[in-house]
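Next comes model22.txt, with compact mmCIF, C-alpha atoms (C1' of nucleotides).
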```txt
# COMPACT_ATOMS: atom_id res chain seq x y z
CA MET X 1 -7.72 19.95 18.50
CA ASP X 2 -6.50 20.31 22.08
CA ASP X 3 -3.67 22.73 22.79
CA THR X 4 -2.67 21.59 26.29
CA GLY X 5 1.03 20.80 26.17
CA SER X 6 3.09 22.86 23.81
CA THR X 7 4.97 21.15 21.01
CA THR X 8 3.56 19.30 18.05
CA HIS X 9 5.49 16.24 19.17
CA ASP X 10 3.72 16.30 22.54
CA LYS X 11 0.36 16.66 20.88
CA LEU X 12 1.18 13.84 18.50
CA LEU X 13 1.98 11.45 21.35
CA ARG X 14 -1.07 12.45 23.34
CA GLU X 15 -3.62 12.33 20.53
CA ALA X 16 -2.20 9.14 19.04
CA ALA X 17 -2.41 7.46 22.44
CA ARG X 18 -5.99 8.59 22.87
CA LEU X 19 -7.08 7.37 19.45
CA PHE X 20 -5.19 4.06 19.55
CA ALA X 21 -6.56 3.35 23.01
CA SER X 22 -10.16 3.88 21.99
CA ARG X 23 -10.24 2.64 18.38
CA GLY X 24 -7.34 0.22 18.26
CA TYR X 25 -4.25 0.29 16.07
CA SER X 26 -5.78 -0.60 12.71
CA GLY X 27 -8.90 1.38 13.57
CA THR X 28 -6.89 4.58 13.78
CA SER X 29 -5.46 6.13 10.62
CA MET X 30 -2.52 8.49 10.40
CA SER X 31 -4.97 11.03 8.94
CA ASP X 32 -7.16 10.73 12.05
CA ILE X 33 -4.17 11.47 14.22
CA ALA X 34 -2.98 14.35 12.04
CA HIS X 35 -6.43 15.87 12.15
CA GLU X 36 -6.47 15.81 15.96
CA VAL X 37 -2.97 17.23 16.13
CA GLY X 38 -3.89 19.96 13.68
CA VAL X 39 -1.35 19.24 10.95
CA ARG X 40 -1.33 17.34 7.66
CA LYS X 41 -0.67 13.64 7.64
CA ALA X 42 2.71 13.91 5.89
CA SER X 43 4.08 16.03 8.74
CA LEU X 44 3.77 13.17 11.21
CA TYR X 45 6.48 11.31 9.33
CA ASN X 46 9.03 13.88 10.53
CA TYR X 47 8.61 12.43 14.01
CA TYR X 48 8.18 8.72 13.37
CA GLY X 49 9.15 6.81 10.27
CA SER X 50 6.05 4.67 10.32
CA LYS X 51 2.79 4.07 12.12
CA ALA X 52 4.34 0.97 13.68
CA ASP X 53 7.23 3.00 15.12
CA LEU X 54 4.73 5.42 16.61
CA LEU X 55 2.90 2.62 18.41
CA ILE X 56 6.13 1.12 19.71
CA ALA X 57 7.18 4.51 21.09
CA LEU X 58 3.82 4.90 22.81
CA LEU X 59 4.01 1.41 24.25
CA GLU X 60 7.51 2.00 25.58
CA GLN X 61 6.40 5.24 27.19
CA SER X 62 3.28 3.64 28.67
CA LEU X 63 5.08 0.65 30.14
CA THR X 64 7.83 2.83 31.59
CA SER X 65 5.50 5.29 33.30
CA TRP X 66 3.33 2.47 34.62
CA GLN X 67 6.36 0.71 36.05
CA ALA X 68 7.67 3.94 37.55
CA ALA X 69 4.35 4.68 39.24
CA CYS X 70 4.18 1.21 40.77
CA GLU X 71 7.82 0.86 41.86
CA GLN X 72 7.88 4.32 43.34
CA SER X 73 5.09 3.28 45.68
CA LEU X 74 7.25 0.53 47.19
CA VAL X 75 10.30 2.45 48.34
CA GLY X 76 10.88 3.19 52.00
CA ILE X 77 7.96 1.17 53.32
CA GLU X 78 8.65 -1.39 55.98
CA SER X 79 5.94 -4.03 56.18
CA VAL X 80 4.97 -6.03 53.12
CA GLU X 81 1.33 -5.46 53.97
CA ARG X 82 1.78 -1.71 53.65
CA ARG X 83 3.89 -2.09 50.53
CA LEU X 84 1.17 -4.07 48.81
CA ALA X 85 -1.48 -1.60 49.89
CA ALA X 86 0.59 1.28 48.52
CA TYR X 87 1.12 -0.64 45.30
CA LEU X 88 -2.61 -1.24 44.98
CA GLU X 89 -3.40 2.41 45.51
CA SER X 90 -0.77 3.49 42.99
CA ALA X 91 -2.03 1.05 40.38
CA VAL X 92 -5.62 2.22 40.73
CA ALA X 93 -4.61 5.88 40.77
CA PHE X 94 -2.46 5.44 37.68
CA SER X 95 -5.18 3.65 35.75
CA ARG X 96 -7.52 6.55 36.47
CA THR X 97 -5.09 9.36 35.69
CA HIS X 98 -3.53 7.65 32.67
CA PRO X 99 -6.34 5.76 30.96
CA GLN X 100 -4.66 6.14 27.57
CA ALA X 101 -1.48 4.46 28.80
CA MET X 102 -3.52 1.55 30.13
CA GLY X 103 -5.39 1.43 26.85
CA ILE X 104 -2.16 1.20 24.87
CA ILE X 105 -0.89 -1.64 27.06
CA ARG X 106 -4.16 -3.55 26.76
CA LEU X 107 -4.21 -3.00 23.02
CA ALA X 108 -0.64 -4.18 22.62
CA ALA X 109 -1.29 -7.28 24.72
CA GLY X 110 -4.36 -8.00 22.66
CA HIS X 111 -5.06 -7.25 19.04
CA VAL X 112 -2.19 -6.08 16.90
CA PRO X 113 -1.28 -6.80 13.25
CA SER X 114 0.89 -9.84 12.74
CA GLU X 115 3.95 -7.86 11.59
CA LEU X 116 4.00 -5.92 14.87
CA ARG X 117 3.38 -8.80 17.23
CA ARG X 118 6.98 -9.83 17.76
CA ARG X 119 8.25 -6.34 18.60
CA VAL X 120 5.32 -5.71 20.92
CA ARG X 121 5.50 -9.03 22.73
CA SER X 122 9.22 -8.70 23.43
CA LEU X 123 8.72 -5.23 24.89
CA ILE X 124 5.94 -6.45 27.14
CA ALA X 125 7.85 -9.59 28.10
CA ARG X 126 10.83 -7.55 29.26
CA HIS X 127 8.75 -5.37 31.57
CA GLU X 128 6.65 -8.29 32.69
CA SER X 129 9.59 -10.41 33.80
CA SER X 130 11.14 -7.62 35.84
CA TRP X 131 7.76 -6.95 37.42
CA HIS X 132 7.41 -10.63 38.25
CA ARG X 133 10.81 -10.78 39.96
CA THR X 134 9.88 -7.80 42.14
CA LEU X 135 6.65 -9.50 43.14
CA VAL X 136 8.13 -12.86 43.99
CA GLY X 137 10.86 -11.14 45.99
CA MET X 138 8.29 -9.20 47.95
CA PHE X 139 6.35 -12.32 48.89
CA GLU X 140 9.52 -14.20 49.82
CA ASP X 141 10.25 -11.28 52.08
CA ALA X 142 6.78 -11.49 53.61
CA ILE X 143 7.19 -15.20 54.30
CA GLU X 144 10.59 -14.67 55.96
CA ARG X 145 9.15 -11.96 58.20
CA ASP X 146 6.20 -14.23 59.06
CA GLU X 147 3.76 -11.66 57.72
CA ILE X 148 2.33 -14.36 55.47
CA PRO X 149 2.18 -18.07 56.34
CA GLY X 150 3.09 -20.86 53.92
CA ASN X 151 5.99 -20.98 51.52
CA ASP X 152 4.67 -20.76 47.98
CA SER X 153 5.84 -17.29 46.95
CA ALA X 154 5.14 -18.07 43.28
CA ALA X 155 1.47 -18.83 43.96
CA LEU X 156 1.18 -15.71 46.12
CA ALA X 157 2.70 -13.57 43.37
CA LEU X 158 0.29 -15.10 40.87
CA PHE X 159 -2.71 -14.37 43.09
CA TRP X 160 -1.52 -10.78 43.36
CA SER X 161 -1.11 -10.51 39.57
CA VAL X 162 -4.57 -11.94 39.03
CA PHE X 163 -5.99 -9.53 41.61
CA ILE X 164 -4.34 -6.47 40.04
CA ASP X 165 -5.23 -7.54 36.50
CA GLY X 166 -8.83 -8.00 37.57
CA ILE X 167 -8.92 -4.59 39.27
CA LEU X 168 -7.61 -2.92 36.14
CA VAL X 169 -9.78 -4.80 33.67
CA ASN X 170 -13.07 -5.01 35.57
CA PRO X 171 -14.16 -1.42 34.89
CA ILE X 172 -13.84 -2.03 31.15
CA PHE X 173 -16.20 -4.99 31.19
CA ALA X 174 -18.58 -3.63 33.79
CA THR X 175 -20.39 -1.18 31.55
CA ALA X 176 -22.41 0.24 34.42
CA LYS X 177 -20.78 1.79 37.49
CA THR X 178 -17.17 2.03 36.45
CA GLU X 179 -16.41 3.36 39.90
CA ALA X 180 -17.38 0.18 41.74
CA VAL X 181 -13.77 -0.93 42.04
CA VAL X 182 -12.70 2.42 43.47
CA THR X 183 -15.52 2.80 45.96
CA ASN X 184 -15.10 -0.78 47.19
CA LEU X 185 -11.31 -0.83 47.13
CA GLN X 186 -10.99 -1.16 50.90
CA SER X 187 -13.28 -4.23 50.88
CA LEU X 188 -11.41 -5.80 47.99
CA TRP X 189 -8.11 -5.21 49.73
CA THR X 190 -9.46 -6.71 52.96
CA PHE X 191 -10.60 -9.85 51.13
CA PHE X 192 -7.25 -10.15 49.39
CA TRP X 193 -5.11 -9.71 52.48
CA ARG X 194 -7.24 -12.04 54.57
CA GLY X 195 -6.94 -14.62 51.81
CA VAL X 196 -3.17 -14.67 51.81
CA SER X 197 -2.40 -13.91 55.46
CA GLY X 198 -5.42 -15.27 57.31
CA THR X 199 -5.71 -11.99 59.23
CA SER X 200 -7.46 -8.68 58.65
CA PRO X 201 -5.28 -5.86 57.28
CA HIS X 202 -4.16 -3.00 59.51
CA THR X 203 -3.95 -0.75 56.48
CA GLU X 204 -6.40 2.03 55.79
CA LEU X 205 -6.45 2.86 52.09
CA THR X 206 -6.54 6.56 51.34
CA ILE X 207 -8.29 6.32 48.00
CA MET L 208 -8.32 -23.34 4.75
CA ASP L 209 -9.62 -25.65 7.44
CA ASP L 210 -12.45 -28.01 6.56
CA THR L 211 -13.54 -29.08 10.06
CA GLY L 212 -17.27 -28.39 10.32
CA SER L 213 -19.24 -28.71 7.17
CA THR L 214 -21.07 -25.71 5.79
CA THR L 215 -19.62 -22.49 4.49
CA HIS L 216 -21.60 -20.63 7.11
CA ASP L 217 -19.93 -22.64 9.88
CA LYS L 218 -16.53 -21.98 8.41
CA LEU L 219 -17.32 -18.31 8.06
CA LEU L 220 -18.21 -17.99 11.74
CA ARG L 221 -15.20 -19.97 12.86
CA GLU L 222 -12.59 -18.27 10.72
CA ALA L 223 -14.00 -14.79 11.30
CA ALA L 224 -13.89 -15.38 15.06
CA ARG L 225 -10.31 -16.58 14.84
CA LEU L 226 -9.15 -13.61 12.77
CA PHE L 227 -11.07 -10.96 14.71
CA ALA L 228 -9.80 -12.39 17.99
CA SER L 229 -6.18 -12.25 16.94
CA ARG L 230 -6.01 -9.15 14.72
CA GLY L 231 -8.94 -7.07 15.92
CA TYR L 232 -11.97 -5.85 14.03
CA SER L 233 -10.36 -3.20 11.83
CA GLY L 234 -7.26 -5.33 11.47
CA THR L 235 -9.24 -8.06 9.75
CA SER L 236 -10.59 -7.51 6.24
CA MET L 237 -13.49 -9.28 4.62
CA SER L 238 -10.99 -10.52 2.02
CA ASP L 239 -8.87 -12.07 4.77
CA ILE L 240 -11.90 -13.92 6.05
CA ALA L 241 -13.02 -15.00 2.60
CA HIS L 242 -9.54 -16.34 1.89
CA GLU L 243 -9.59 -18.48 5.03
CA VAL L 244 -13.09 -19.72 4.25
CA GLY L 245 -12.09 -20.55 0.70
CA VAL L 246 -14.57 -18.35 -1.17
CA ARG L 247 -14.56 -14.90 -2.75
CA LYS L 248 -15.25 -11.87 -0.64
CA ALA L 249 -18.60 -11.07 -2.31
CA SER L 250 -19.99 -14.43 -1.25
CA LEU L 251 -19.75 -13.53 2.42
CA TYR L 252 -22.44 -10.90 1.90
CA ASN L 253 -24.98 -13.68 1.33
CA TYR L 254 -24.66 -14.51 5.02
CA TYR L 255 -24.25 -11.11 6.64
CA GLY L 256 -25.18 -7.75 5.20
CA SER L 257 -22.09 -6.07 6.54
CA LYS L 258 -18.87 -6.61 8.42
CA ALA L 259 -20.49 -4.98 11.45
CA ASP L 260 -23.40 -7.45 11.39
CA LEU L 261 -20.91 -10.30 11.27
CA LEU L 262 -19.15 -9.05 14.39
CA ILE L 263 -22.43 -8.56 16.23
CA ALA L 264 -23.49 -12.12 15.38
CA LEU L 265 -20.17 -13.45 16.65
CA LEU L 266 -20.43 -11.42 19.83
CA GLU L 267 -23.96 -12.63 20.49
CA GLN L 268 -22.87 -16.23 19.98
CA SER L 269 -19.80 -15.79 22.18
CA LEU L 270 -21.69 -14.17 25.05
CA THR L 271 -24.44 -16.77 24.91
CA SER L 272 -22.15 -19.79 24.95
CA TRP L 273 -20.04 -18.24 27.71
CA GLN L 274 -23.12 -17.60 29.82
CA ALA L 275 -24.46 -21.10 29.15
CA ALA L 276 -21.19 -22.72 30.21
CA CYS L 277 -21.09 -20.74 33.45
CA GLU L 278 -24.76 -21.05 34.43
CA GLN L 279 -24.84 -24.73 33.68
CA SER L 280 -22.14 -25.25 36.26
CA LEU L 281 -24.36 -23.84 39.01
CA VAL L 282 -27.44 -26.04 38.76
CA GLY L 283 -28.12 -28.72 41.32
CA ILE L 284 -25.25 -27.85 43.62
CA GLU L 285 -26.04 -27.26 47.25
CA SER L 286 -23.36 -25.24 49.01
CA VAL L 287 -22.31 -21.88 47.69
CA GLU L 288 -18.70 -22.85 48.15
CA ARG L 289 -19.10 -25.75 45.75
CA ARG L 290 -21.12 -23.63 43.34
CA LEU L 291 -18.35 -21.04 43.14
CA ALA L 292 -15.73 -23.73 42.70
CA ALA L 293 -17.74 -25.27 39.86
CA TYR L 294 -18.19 -21.86 38.31
CA LEU L 295 -14.45 -21.21 38.49
CA GLU L 296 -13.65 -24.51 36.85
CA SER L 297 -16.19 -23.92 34.10
CA ALA L 298 -14.88 -20.44 33.40
CA VAL L 299 -11.28 -21.61 33.12
CA ALA L 300 -12.25 -24.63 31.03
CA PHE L 301 -14.32 -22.48 28.67
CA SER L 302 -11.56 -19.93 28.21
CA ARG L 303 -9.21 -22.73 27.20
CA THR L 304 -11.59 -24.57 24.87
CA HIS L 305 -13.08 -21.41 23.32
CA PRO L 306 -10.23 -18.92 23.10
CA GLN L 307 -11.83 -17.27 20.07
CA ALA L 308 -15.05 -16.57 21.95
CA MET L 309 -13.07 -14.98 24.76
CA GLY L 310 -11.09 -12.99 22.21
CA ILE L 311 -14.29 -11.65 20.64
CA ILE L 312 -15.62 -10.58 24.02
CA ARG L 313 -12.38 -8.87 24.95
CA LEU L 314 -12.22 -7.17 21.58
CA ALA L 315 -15.79 -5.94 21.84
CA ALA L 316 -15.22 -4.63 25.36
CA GLY L 317 -12.11 -2.88 24.16
CA HIS L 318 -11.30 -1.41 20.80
CA VAL L 319 -14.10 -1.12 18.31
CA PRO L 320 -14.93 1.58 15.70
CA SER L 321 -17.10 4.39 17.00
CA GLU L 322 -20.11 3.46 14.83
CA LEU L 323 -20.24 -0.01 16.40
CA ARG L 324 -19.71 0.97 19.99
CA ARG L 325 -23.34 1.55 20.92
CA ARG L 326 -24.59 -1.79 19.56
CA VAL L 327 -21.73 -3.65 21.18
CA ARG L 328 -21.99 -1.97 24.56
CA SER L 329 -25.72 -2.62 24.83
CA LEU L 330 -25.24 -6.31 24.04
CA ILE L 331 -22.53 -6.63 26.67
CA ALA L 332 -24.49 -4.59 29.19
CA ARG L 333 -27.50 -6.90 28.89
CA HIS L 334 -25.46 -10.03 29.58
CA GLU L 335 -23.43 -8.30 32.23
CA SER L 336 -26.41 -7.18 34.25
CA SER L 337 -28.01 -10.62 34.29
CA TRP L 338 -24.66 -12.10 35.28
CA HIS L 339 -24.37 -9.57 38.08
CA ARG L 340 -27.82 -10.37 39.47
CA THR L 341 -26.94 -14.08 39.59
CA LEU L 342 -23.74 -13.31 41.46
CA VAL L 343 -25.28 -11.02 44.05
CA GLY L 344 -28.05 -13.54 44.62
CA MET L 345 -25.52 -16.27 45.18
CA PHE L 346 -23.63 -14.27 47.80
CA GLU L 347 -26.85 -13.24 49.55
CA ASP L 348 -27.61 -16.92 49.70
CA ALA L 349 -24.20 -17.66 51.16
CA ILE L 350 -24.66 -15.00 53.84
CA GLU L 351 -28.08 -16.36 54.80
CA ARG L 352 -26.69 -19.87 55.15
CA ASP L 353 -23.77 -18.53 57.22
CA GLU L 354 -21.29 -19.91 54.73
CA ILE L 355 -19.83 -16.41 54.47
CA PRO L 356 -19.74 -13.86 57.31
CA GLY L 357 -20.60 -10.19 56.90
CA ASN L 358 -23.42 -8.67 54.91
CA ASP L 359 -21.99 -6.86 51.92
CA SER L 360 -23.10 -9.10 49.07
CA ALA L 361 -22.29 -6.37 46.53
CA ALA L 362 -18.67 -6.16 47.63
CA LEU L 363 -18.41 -9.96 47.62
CA ALA L 364 -19.83 -10.13 44.09
CA LEU L 365 -17.36 -7.47 42.99
CA PHE L 366 -14.42 -9.37 44.47
CA TRP L 367 -15.57 -12.44 42.61
CA SER L 368 -15.88 -10.50 39.34
CA VAL L 369 -12.41 -9.06 39.82
CA PHE L 370 -11.05 -12.51 40.59
CA ILE L 371 -12.63 -14.09 37.50
CA ASP L 372 -11.65 -11.20 35.24
CA GLY L 373 -8.09 -11.48 36.48
CA ILE L 374 -8.01 -15.24 35.94
CA LEU L 375 -9.21 -14.80 32.37
CA VAL L 376 -6.99 -11.86 31.49
CA ASN L 377 -3.76 -12.81 33.25
CA PRO L 378 -2.62 -15.39 30.66
CA ILE L 379 -2.84 -12.73 27.96
CA PHE L 380 -0.50 -10.34 29.74
CA ALA L 381 1.81 -12.98 31.16
CA THR L 382 3.70 -13.72 27.96
CA ALA L 383 5.64 -16.53 29.53
CA LYS L 384 3.95 -19.55 31.14
CA THR L 385 0.37 -19.13 30.02
CA GLU L 386 -0.47 -22.18 32.08
CA ALA L 387 0.41 -20.65 35.44
CA VAL L 388 -3.22 -19.88 36.23
CA VAL L 389 -4.30 -23.44 35.46
CA THR L 390 -1.54 -25.20 37.36
CA ASN L 391 -2.04 -22.96 40.40
CA LEU L 392 -5.82 -22.86 40.29
CA GLN L 393 -6.24 -24.73 43.57
CA SER L 394 -3.99 -22.24 45.37
CA LEU L 395 -5.79 -19.28 43.82
CA TRP L 396 -9.13 -20.73 44.83
CA THR L 397 -7.90 -21.35 48.38
CA PHE L 398 -6.72 -17.74 48.70
CA PHE L 399 -10.02 -16.48 47.36
CA TRP L 400 -12.24 -18.58 49.58
CA ARG L 401 -10.20 -17.89 52.68
CA GLY L 402 -10.44 -14.18 51.89
CA VAL L 403 -14.22 -14.13 51.81
CA SER L 404 -15.07 -16.84 54.34
CA GLY L 405 -12.13 -16.80 56.73
CA THR L 406 -11.84 -20.58 56.42
CA SER L 407 -10.07 -22.99 54.09
CA PRO L 408 -12.18 -24.50 51.30
CA HIS L 409 -13.36 -28.09 51.46
CA THR L 410 -13.46 -28.21 47.69
CA GLU L 411 -10.95 -30.10 45.62
CA LEU L 412 -10.78 -28.68 42.11
CA THR L 413 -10.63 -31.30 39.38
CA ILE L 414 -8.78 -29.21 36.82
C1' DC K 415 -21.32 -18.70 -5.26
C1' DC K 416 -18.77 -15.98 -9.07
C1' DT K 417 -16.53 -11.86 -11.98
C1' DA K 418 -16.19 -7.27 -12.31
C1' DC K 419 -16.41 -3.12 -10.56
C1' DC K 420 -17.36 1.30 -7.37
C1' DG K 421 -15.62 5.48 -4.65
C1' DA K 422 -13.07 6.13 -0.53
C1' DT K 423 -9.30 5.71 2.12
C1' DC K 424 -5.12 3.46 3.55
C1' DG K 425 0.27 4.07 4.79
C1' DG K 426 3.80 6.30 2.83
C1' DT K 427 6.92 9.30 -0.44
C1' DA K 428 8.74 13.21 -3.42
C1' DG K 429 10.05 17.57 -3.39
C1' DG K 430 10.07 21.80 -1.62
C1' DC D 431 5.47 21.85 7.96
C1' DC D 432 2.99 21.82 3.22
C1' DT D 433 0.81 20.19 -1.57
C1' DA D 434 0.49 16.62 -4.53
C1' DC D 435 0.72 12.23 -5.47
C1' DC D 436 1.64 6.78 -5.39
C1' DG D 437 -0.15 1.81 -5.65
C1' DA D 438 -2.79 -1.08 -2.71
C1' DT D 439 -6.61 -2.25 -0.38
C1' DC D 440 -10.80 -1.22 1.99
C1' DG D 441 -16.21 -2.41 2.54
C1' DG D 442 -19.71 -3.08 -0.42
C1' DT D 443 -22.76 -3.61 -4.87
C1' DA D 444 -24.45 -5.08 -9.61
C1' DG D 445 -25.74 -8.65 -12.14
C1' DG D 446 -25.73 -13.09 -13.15
```
Show how you would write the structure in this file as structure tokens.
Amino acid sequence: MDDTGSTTHDKLLREAARLFASRGYSGTSMSDIAHEVGVRKASLYNYYGSKADLLIALLEQSLTSWQAACEQSLVGIESVERRLAAYLESAVAFSRTHPQAMGIIRLAAGHVPSELRRRVRSLIARHESSWHRTLVGMFEDAIERDEIPGNDSAALALFWSVFIDGILVNPIFATAKTEAVVTNLQSLWTFFWRGVSGTSPHTELTI
Amino acid sequence: MDDTGSTTHDKLLREAARLFASRGYSGTSMSDIAHEVGVRKASLYNYYGSKADLLIALLEQSLTSWQAACEQSLVGIESVERRLAAYLESAVAFSRTHPQAMGIIRLAAGHVPSELRRRVRSLIARHESSWHRTLVGMFEDAIERDEIPGNDSAALALFWSVFIDGILVNPIFATAKTEAVVTNLQSLWTFFWRGVSGTSPHTELTI
DNA sequence: CCTACCGATCGGTAGG
DNA sequence: CCTACCGATCGGTAGG
């Protein structure tokens, strides 16, 4: 239905992501997707051998681009405080510019047919564990530099995960004012940083 | 399949919640549910006129019991600090003892067929707005009593929502150690309270 | 609470 | 990339 982006393959990925994200995996039929792409259902099977393969491809793509967006925000920044602030901004920006990717990840983490669960969970677990290592490393770094007091880098990393998860999920539950998280991001960040460091942040968010 | 709880209606509600929560709405068929209950599919229609009505009933029940568990934790407690701590404990306890209810709420907030979306969103919105009023009131209270500095009760309520959402959602994404949030709850609570109040909490969590 | 049945749609394939 | 088709299953109803 939408012609942005040229090839049929591109359209397939985009429309499938959109439909899966809003209606779920079982709630989206291959015919639905074909209709949005503008071809017949049978043609989709030239690109992916099954509906399950299509979801896995989308999940891989979503996790990779999410990870890229977040990691990219960390390079070349000195203080941990500024690294975290950059990370926060990137995460929020990504979730707004790529809502379908976030939807796919949420869907995969949540409600998926039993036959797919193993494949999906192992994909997520792989990304999750590398993400977790990065986080713990960052907080160990912060403790060494005396940016953050205490010594429990695991608890700090967990608080950060909880904070980011909440930021990403809150707009979905809060039916009214979806923008609350964005417009109050500086306050949220101030609360977070004061909680872990005991001091007010020097960082001004640009979002 | 499971005979705990007597009547067929009870079993229907329980098994439907379990299946919906793990496989999603479209991913669960009325036959699946009937099989778990131990009756034929047609019999289910004596209790609910449609699959959609069944989900709505489950959602209503889930939201109500969640709200009851949380509000109950607030009564008769003096300081806001202790009220929030009790709330946190109740929320975590509920999510562990009623995983199906949480699954239904997540499912409803997420991926649901287009025809159901309006009914579901209005149900969630009603509970959400009453929840939000309670929260803002509590933080206004805390500001008046000088338990918390500043004056932005809306931002404080949002930080709390984000924190709670993150606590509830994190175990679903974190494929490994689902218990991390529970075992580190005291640390998470300390970070949170220090973030909003600038001081360490006096509260010892009992979870 | 059951048997028996409805039209519609599902994921997927054959063959071109 | 299409038409034509497959068996299976979907939500739901009739009638008892």
All residues 9 Å or closer to DC424 in chain K, only C-alpha atoms (C1' of nucleotides), same chain fewer than 6 positions away omitted, as a list of chain:residue names = X:Ser29, X:Met30, D:DA438, D:DT439, D:DC440
Counting all atoms listed in the file, which residues in chain D sit no more than 9 Å from chain L? For each one, give the nearest pair of atoms and the distance in Å, sorted by chain then residue number, as CSV.
```
residue,atom,partner,partner_atom,distance
D:DC440,C1',L:Ser236,CA,7.6
D:DG441,C1',L:Met237,CA,7.7
D:DG442,C1',L:Ser257,CA,7.9
D:DT443,C1',L:Ala249,CA,8.9
```
Edge lengths and centre in Å, axis-aligned, range 415-421 of chain K plus 3 Å each side, as JSON:
```
{"center_x": -18.5, "center_y": -6.6, "center_z": -8.5, "size_x": 11.7, "size_y": 30.2, "size_z": 13.7}
```
Could you please select, counting only C-alpha atoms, the residues of chain L within 6 Å of chain X and state them as a PDB file with C-alpha atoms, in the frame of the given file?
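Saved result, out.pdb, follows:
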```pdb
ATOM      1  CA  SER L 229      -6.180 -12.250  16.940  1.00  0.00           C
ATOM      2  CA  ARG L 230      -6.010  -9.150  14.720  1.00  0.00           C
ATOM      3  CA  GLY L 231      -8.940  -7.070  15.920  1.00  0.00           C
ATOM      4  CA  SER L 233     -10.360  -3.200  11.830  1.00  0.00           C
ATOM      5  CA  GLY L 234      -7.260  -5.330  11.470  1.00  0.00           C
ATOM      6  CA  ALA L 316     -15.220  -4.630  25.360  1.00  0.00           C
ATOM      7  CA  HIS L 318     -11.300  -1.410  20.800  1.00  0.00           C
ATOM      8  CA  VAL L 319     -14.100  -1.120  18.310  1.00  0.00           C
ATOM      9  CA  PRO L 320     -14.930   1.580  15.700  1.00  0.00           C
ATOM     10  CA  ALA L 332     -24.490  -4.590  29.190  1.00  0.00           C
ATOM     11  CA  PHE L 366     -14.420  -9.370  44.470  1.00  0.00           C
ATOM     12  CA  VAL L 369     -12.410  -9.060  39.820  1.00  0.00           C
ATOM     13  CA  PHE L 370     -11.050 -12.510  40.590  1.00  0.00           C
ATOM     14  CA  ASP L 372     -11.650 -11.200  35.240  1.00  0.00           C
ATOM     15  CA  GLY L 373      -8.090 -11.480  36.480  1.00  0.00           C
ATOM     16  CA  ILE L 374      -8.010 -15.240  35.940  1.00  0.00           C
ATOM     17  CA  ASN L 377      -3.760 -12.810  33.250  1.00  0.00           C
ATOM     18  CA  PHE L 380      -0.500 -10.340  29.740  1.00  0.00           C
ATOM     19  CA  THR L 382       3.700 -13.720  27.960  1.00  0.00           C
ATOM     20  CA  LEU L 395      -5.790 -19.280  43.820  1.00  0.00           C
ATOM     21  CA  PHE L 398      -6.720 -17.740  48.700  1.00  0.00           C
ATOM     22  CA  PHE L 399     -10.020 -16.480  47.360  1.00  0.00           C
ATOM     23  CA  ARG L 401     -10.200 -17.890  52.680  1.00  0.00           C
ATOM     24  CA  GLY L 402     -10.440 -14.180  51.890  1.00  0.00           C
ATOM     25  CA  VAL L 403     -14.220 -14.130  51.810  1.00  0.00           C
TER      26      VAL L 403
END
```
Record the distance separating CA of Leu74 in chain X and CA of Glu144 in chain X, expressed in Å with one decimal.
->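 That distance, rounded to one decimal, is 17.9 Å.
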Could you check how far CA of Glu60 in chain X sits from CA of Trp131 in chain X, in Å to one decimal?
->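 Distance between the two atoms: 14.8 Å.
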Which is closer to Met309 in chain L than all the others in L:Gln274, L:Ser213, L:Ser360, L:Thr385, using all atoms listed in the file?
->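 The closest residue to Met309 in chain L is L:Gln274.
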Close residues, Glu285 in chain L itself excluded, 12 Å, all atoms listed in the file, min 4 positions apart in chain, as a ChimeraX atom specification | /L:280-281,289-293,345,348-349,352,354
Work out how far apart CA of Ile207 in chain X and CA of Asp146 in chain X are and give it in Å to one decimal.
->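 Interatomic distance here is 27.5 Å.
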For range 396-401 of chain L of the block above, can you save N, CA, C and O atoms as an mmCIF file, in the first residue's frame?
```
data_model
loop_
_atom_site.group_PDB
_atom_site.id
_atom_site.type_symbol
_atom_site.label_atom_id
_atom_site.label_comp_id
_atom_site.auth_asym_id
_atom_site.auth_seq_id
_atom_site.Cartn_x
_atom_site.Cartn_y
_atom_site.Cartn_z
ATOM 1 N N TRP L 396 15.345 -0.043 45.442
ATOM 2 C CA TRP L 396 14.546 0.890 46.236
ATOM 3 C C TRP L 396 15.424 2.007 46.812
ATOM 4 O O TRP L 396 15.046 3.170 46.810
ATOM 5 N N THR L 397 16.603 1.678 47.264
ATOM 6 C CA THR L 397 17.515 2.687 47.797
ATOM 7 C C THR L 397 17.895 3.703 46.718
ATOM 8 O O THR L 397 17.885 4.911 46.956
ATOM 9 N N PHE L 398 18.224 3.206 45.528
ATOM 10 C CA PHE L 398 18.545 4.113 44.415
ATOM 11 C C PHE L 398 17.357 5.028 44.119
ATOM 12 O O PHE L 398 17.516 6.236 43.933
ATOM 13 N N PHE L 399 16.170 4.420 44.067
ATOM 14 C CA PHE L 399 14.997 5.226 43.729
ATOM 15 C C PHE L 399 14.777 6.329 44.765
ATOM 16 O O PHE L 399 14.629 7.501 44.420
ATOM 17 N N TRP L 400 14.752 5.939 46.021
ATOM 18 C CA TRP L 400 14.411 6.903 47.069
ATOM 19 C C TRP L 400 15.471 8.000 47.192
ATOM 20 O O TRP L 400 15.162 9.177 47.395
ATOM 21 N N ARG L 401 16.735 7.617 47.023
ATOM 22 C CA ARG L 401 17.780 8.615 47.072
ATOM 23 C C ARG L 401 17.637 9.592 45.894
ATOM 24 O O ARG L 401 17.879 10.791 46.024
#
```
